[in-house]
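Undergrad: Please see the structure below; I have some questions.
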Protein chains: 4
Amino acid sequence: MARKLVPEQHEGKRHEILEAAHRCFLRHGLQGASVSMICKEAGISPGHLYHYFPSKEAIVEQMADEYLARLHGVFGRQRETGDAATVLLSEIWSMESWEDTAHCRILFELLAEAGRNERVRAILARNTDGVRVLLSQVLKAGQERGEVDPALDPEHTSAMLIAIVDAAPMLPLMVPGIRFDESRALITTMVRRFLRPEGQV
Amino acid sequence: MARKLVPEQHEGKRHEILEAAHRCFLRHGLQGASVSMICKEAGISPGHLYHYFPSKEAIVEQMADEYLARLHGVFGRQRETGDAATVLLSEIWSMESWEDTAHCRILFELLAEAGRNERVRAILARNTDGVRVLLSQVLKAGQERGEVDPALDPEHTSAMLIAIVDAAPMLPLMVPGIRFDESRALITTMVRRFLRPEGQV
Amino acid sequence: MARKLVPEQHEGKRHEILEAAHRCFLRHGLQGASVSMICKEAGISPGHLYHYFPSKEAIVEQMADEYLARLHGVFGRQRETGDAATVLLSEIWSMESWEDTAHCRILFELLAEAGRNERVRAILARNTDGVRVLLSQVLKAGQERGEVDPALDPEHTSAMLIAIVDAAPMLPLMVPGIRFDESRALITTMVRRFLRPEGQV
Amino acid sequence: MARKLVPEQHEGKRHEILEAAHRCFLRHGLQGASVSMICKEAGISPGHLYHYFPSKEAIVEQMADEYLARLHGVFGRQRETGDAATVLLSEIWSMESWEDTAHCRILFELLAEAGRNERVRAILARNTDGVRVLLSQVLKAGQERGEVDPALDPEHTSAMLIAIVDAAPMLPLMVPGIRFDESRALITTMVRRFLRPEGQV
DNA sequence: TATGAATGAGGGTTCATTCAT
DNA sequence: GATGAATGAACCCTCATTCAT
C-alpha cells in the first residue's frame, strides 16, 4: 500500500533546513554559505535538499521571509501594552544583550542582497509593510491620545522607526564594547523626544 | 629621475583597482564579485592584480578602509559651518536623492562581512572611531553653547547618530518609493528634537 | 479469477512506460532523458518504475526492441501488394510528410548508441535481420518474375535498401525546407532504376 | 615585459581540445562524454578548458563544424578527376574498411542532436549546403556531357546522394559482419544506375 | 610591469538508484 | 502495487591563485 502523504513531515523538514540555512548564512553570509554546508548542517545529502527546495536562491528567499515574519512578529504581540514609544521599541526591549541581536545580523545580509536582488528587495518590502501598518496604527492612536506629535506623518515616521530599530545591531559592529543597555536607553530617549508633542516636557 | 615617480604610479594603479573593485562589490556583493570580474573592470590581467594586492581579502579590506575614510571625510570638512544637528547630518545633506546613497550600500556589505570577519570589523571600528571623535567634539561644543542637552553622553550619542546616518540608505530598500527629501527632513527633525535641551522649544 | 489478469496489467503498464520513455528520448535523447523525466511523463513515481524495469539501460533496450519491431512491421503487412520497389519502400510510402518521420528520429539515437553499446547494436541487428529476411524474399520473388536484376545479391541489396529507407529522415535535418513528396519520389526512382534488370527501360 | 600574444598557439590548443572531444564523443556520445573526460583526454585541467571554450555546448558545435568541414572536404579535392558517380562517391572510395568509417559515427550523434537542437541543426545544414553546391555542379556538368540523366533535378539529387553516403556507416551497425567492399560496390552500382540517362546501358 | 596559461578545489545542481513504508 | 524520502557520485562550470614568459 502506498505510504500516506504526510505533508506536515514535509513542512517540518523544510523548516529544519531553513533553520540550518539561517545558521550557515549567519556564519558565512548568503553567498559564502554553500549548499553542501547547509546540507551538512541540516544532516541531509546534497541531492536530498533539492527535494525540498528548487534552488539555493529559493532557500535564501524563504529563509528571509520566515525570518522577517518572526522578527517582526514581536510588534503584533505587544500592540496594546503601553505608550507609543514602548510598543514601537518592543523589539529592542525584548532583547537583553548584543548576543540577542546576533541573529539580527542576517538583516545586513538581506539588506546587502536586497541592494542587488529584486526578489529579496520585494520580500523585505513586503515584510516591512506589515510592520509599518501596525506602527502607523500605534502612532495614530498615540496622536489621538495626545501622546504623539500630531504633526508627524504616521507613514513616514513608522518607516523611520523601523529603520532605527533595525539599525541598532550595527552599533556593536562599529563600536566594539559599546554597552547594550546604554544604547537601548539612548534609543528610547531619542524616540520619546522625537514623538513627544511640541511644547510638552 | 623617472624612477622616483614609480611608487606614485604604483599607488595610483592601486587606487584605480580599488575603485573598480568597489563598483563590482556594489553590483555583486563582496563574495559575489570575483577577482576576474574586478580585473576586467580595472582593465588588467588577473596575474597583474596580484602585483598590487596579495589576495582578494586584502582588496576588500583596503577598499573598505579607503571607502569609509572618504565617506566620513564629509564630517571633517563641515565641522564649523553650523549648529550641531546640521554638522552631524552633513553627510545626508550632501546628498540629493536615493541615487546618491546607492554607493553607500557597500556599507551593508561591510556590516554583513563585519559580523563574521574580525579584520573587517576592526576596519569598520577604526574608521567609525575617527568620526566619533569629530562628532563628540561637535556635541561638546554644542553643549557648551547650550544648543545640545548637557545630559547626553557625547560618546554614546555620537555613535547613535552615526548609526542613524548609516541606516538611512536602508529606507528605500525596505520601503520602495519612499521620498528622499521627506525622509531627510524627518531624520533632521528627529535629531534636532533629540539633541535639544529639555524644556527648550 | 482476478489474479489471472495481473500479469497482463503488468505488461500493459510496462508498455505505457516504454511509450512515455520513447517520447522523452525523442525530446531529449537517450542520455539526456532522465529517469525522473520518464516517471513524470508516465505518471508514476521513481521508485515504482524500478518495479517494472531493473535499470534505465533496460528501458532503453526494450524501448528499442519494441520500437524497431513496430517500425518494421509495416513491411510484413504489405508483402504481397505490389512490385518489388513498392513493397520495399512501403515504410516511406506509409508516411505523408516529414512530421510523420519525426518519431523515426529515435533511430539516430539508437544508431548513435549502437556505435558504442554492444547490446543496443545487437538489438538493432536482430531487428534488422527480421526485415532483411522479408526483403530478401521480396527481391527473390521479383527476380523470379523478372522484375529485379538477377545479378543483385538479395542479402546485400536488402541491407542497402533498409539503410536508404532509414536514412531518409536525415534529409530534413541536413536540408531544412526540403520537400517530402519530392524526396520520396526521388528515392522511389532511384530504387526502381537500381533494381531494374539491365537493358530494360 | 608582457608575453607576446601567440594566437596560433591558442588556436593550436583549441584544435587539440576539439580532437580530444571528438574522441570522447565517439566513445561516449555527445551527452555521455563529460567535460572532465574531455579534459583528461586533452591533458588539461577542467578549469583550463574554459579558457578556450565558453561551454561544453560550444565545444560540441565547433567540433561539429570542424568535423563536417573536414569530412566533406574530400569532395572539393576530387572534383575534376572522373565521371559524376566517381566524384560523388569519392568520400566512400577514400576509405578502405569499416574501420575507416568509424569516425563517421559522430554523424549519428550529430543527427540525433540535430533533431532536438536547433543550433546543431543549423551547423549540419550549413555544412551540407557547401557539399550540395559542389555535387550540383558535378551533376550539371555530367548532364551537359550526357553522362547524367537530364531529368534529374541537381538540387534534390545531390541532397539524396549526400544522405546515402552519410548513411553508409550505419550498415555495419545494423548488419554486423557485412563486408565493406561489397557494400561499397553495391552503392556504386546503385548510384550509377540512378544517374544513368534513360535508355542507356 | 604585465600577460594569460594553468591549476584543482569547490560552486550549485541533477543523476540513477535504493529503501522504508 | 506504489510512494516519495534519501543517497552520494557526478554533472558543468567558476573560483582564487600561481607561474613562466
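Chain labels run A, B, ... following the order of the C-alpha cells; each chain numbers its residues from 1, and ligands are numbered from 1 in the order shown.
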Residues of chain B were defined as contacting chain A if any atom lay at most 8 Å from it, counting only C-alpha atoms; please report them as a ChimeraX atom specification.
TA: /B:26-29,31-32,105-106,108-109,111-116,121,124-125,128-129,156-157,159-160,163-164,167-168,170-171,173-176,182-183,186-187,189-191,193-194,198-199,201
Undergrad: Taking only residues of chain E that have an atom at most 12 Å from an atom of chain A, what is each one's shortest atom pair and its distance in Å to one decimal, using only C-alpha atoms (C1' of nucleotides), in chain and number order, as a tab-separated table?
TA:
```
residue	atom	partner	partner_atom	distance
E:DG10	C1'	A:Ser34	CA	9.4
E:DG11	C1'	A:Ser34	CA	7.5
E:DG12	C1'	A:Val35	CA	7.0
E:DT13	C1'	A:Ser55	CA	8.1
E:DT14	C1'	A:Gly47	CA	7.9
E:DC15	C1'	A:Gly47	CA	9.1
E:DA16	C1'	A:Gly47	CA	11.9
E:DA20	C1'	A:Arg3	CA	9.5
E:DT21	C1'	A:Arg3	CA	5.6
```
Undergrad: Mind pulling up the distance from atom CA of His103 of chain A to atom CA of Phe75 of chain A?
TA: 17.3 Å
Undergrad: Could the residues of chain F within 12 Å of chain B, counting only C-alpha atoms (C1' of nucleotides), be given as an MDAnalysis selection string, please?
TA: chainID F and resid 14:20
Undergrad: May I have the residues from that selection written out with C-alpha atoms (C1' of nucleotides), as an mmCIF file, in the first residue's frame?
TA:
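The result, stored in again-v5.cif:
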```
data_model
loop_
_atom_site.group_PDB
_atom_site.id
_atom_site.type_symbol
_atom_site.label_atom_id
_atom_site.label_comp_id
_atom_site.auth_asym_id
_atom_site.auth_seq_id
_atom_site.Cartn_x
_atom_site.Cartn_y
_atom_site.Cartn_z
ATOM 1 C "C1'" DT F 14 33.768 29.276 -11.678
ATOM 2 C "C1'" DC F 15 36.869 30.252 -8.218
ATOM 3 C "C1'" DA F 16 41.188 32.447 -6.157
ATOM 4 C "C1'" DT F 17 45.613 31.930 -7.069
ATOM 5 C "C1'" DT F 18 50.406 30.779 -9.293
ATOM 6 C "C1'" DC F 19 53.750 30.782 -12.788
ATOM 7 C "C1'" DA F 20 56.589 31.062 -16.983
#
```
Undergrad: For Ala20 of chain C, work out the shell of residues within 8 Å, counting only C-alpha atoms (C1' of nucleotides) and skipping chain neighbours fewer than 5 positions away, then give it as a PyMOL selection string.
TA: chain C and resi 38+41-42
Undergrad: Using the selection just defined, write its residues with C-alpha atoms as a PDB file, in the first residue's frame.
TA:
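Contents of the output file part-v6.pdb:
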```
ATOM      1  CA  ILE C  38      10.281   9.392 -17.767  1.00  0.00           C
ATOM      2  CA  GLU C  41       5.782  11.513 -18.338  1.00  0.00           C
ATOM      3  CA  ALA C  42       4.439   8.103 -17.349  1.00  0.00           C
TER       4      ALA C  42
END
```
Undergrad: Find the spatial neighbours of DC19 of chain E, counting only C-alpha atoms (C1' of nucleotides), within a cut-off of 12 Å - ignore same-chain residues fewer than 3 positions away - and output them as a list of chain:residue names.
TA: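 The contact residues come out as C:Gly47, C:His48, C:Tyr50, F:DT3, F:DG4, F:DA5, F:DA6, F:DT7.
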Undergrad: Taking N, CA, C and O atoms (P, O5', C5', C4', C3', O3' and C1' of nucleotides) for each residue, export the selection above as a short mmCIF file (atom, residue, chain, number, x, y, z; two decimals), in the first residue's frame.
TA:
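Written out: part_3.cif:
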```cif
data_model
loop_
_atom_site.label_atom_id
_atom_site.label_comp_id
_atom_site.auth_asym_id
_atom_site.auth_seq_id
_atom_site.Cartn_x
_atom_site.Cartn_y
_atom_site.Cartn_z
N GLY C 47 10.42 5.32 -7.64
CA GLY C 47 10.57 4.02 -7.01
C GLY C 47 9.77 2.96 -7.75
O GLY C 47 10.23 1.83 -7.93
N HIS C 48 8.61 3.35 -8.20
CA HIS C 48 7.72 2.39 -8.84
C HIS C 48 8.25 1.92 -10.18
O HIS C 48 8.02 0.77 -10.58
N TYR C 50 11.10 1.13 -10.95
CA TYR C 50 12.02 0.02 -10.78
C TYR C 50 11.29 -1.28 -10.42
O TYR C 50 11.90 -2.32 -10.24
P DT F 3 2.36 5.95 -7.49
"O5'" DT F 3 3.07 6.39 -6.15
"C5'" DT F 3 2.25 6.69 -5.01
"C4'" DT F 3 3.13 6.95 -3.82
"C3'" DT F 3 4.16 8.06 -4.06
"O3'" DT F 3 3.69 9.22 -3.40
"C1'" DT F 3 5.08 6.17 -2.85
P DG F 4 3.98 10.66 -3.99
"O5'" DG F 4 5.33 10.96 -3.20
"C5'" DG F 4 5.29 10.99 -1.79
"C4'" DG F 4 6.70 10.86 -1.22
"C3'" DG F 4 7.72 11.85 -1.82
"O3'" DG F 4 8.77 12.05 -0.87
"C1'" DG F 4 8.49 9.75 -2.19
P DA F 5 8.94 13.32 -0.09
"O5'" DA F 5 9.96 12.88 1.05
"C5'" DA F 5 9.53 11.97 2.05
"C4'" DA F 5 10.71 11.14 2.54
"C3'" DA F 5 12.01 11.92 2.73
"O3'" DA F 5 12.67 11.36 3.86
"C1'" DA F 5 12.37 10.23 1.13
P DA F 6 13.89 12.07 4.47
"O5'" DA F 6 15.11 11.44 3.69
"C5'" DA F 6 15.54 10.13 4.03
"C4'" DA F 6 16.60 9.69 3.05
"C3'" DA F 6 17.74 10.68 2.82
"O3'" DA F 6 18.88 10.26 3.57
"C1'" DA F 6 17.07 9.54 0.82
P DT F 7 20.18 11.04 3.54
"O5'" DT F 7 20.99 10.33 2.39
"C5'" DT F 7 21.15 8.91 2.44
"C4'" DT F 7 21.82 8.42 1.17
"C3'" DT F 7 23.12 9.16 0.85
"O3'" DT F 7 24.18 8.24 0.93
"C1'" DT F 7 21.75 8.89 -1.09
#
```
Undergrad: Using only C-alpha atoms, which residue out of B:Met37, B:Glu99, B:His51, B:Ala21 lies closest to Glu66 of chain B?
TA: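 Smallest distance to Glu66 of chain B is found for B:Ala21.
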Undergrad: Kindly give the distance, in Å, that separates atom CA of Trp98 of chain D and atom CA of Phe180 of chain D, rounded to a single decimal.
TA: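 Result for atom CA of Trp98 of chain D versus atom CA of Phe180 of chain D: 5.9 Å, one decimal.
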Undergrad: So what do you get for atom CA of Glu96 of chain A versus atom CA of Val74 of chain A, distance-wise?
TA: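 So the two atoms, atom CA of Glu96 of chain A and atom CA of Val74 of chain A, lie 14.5 Å apart.
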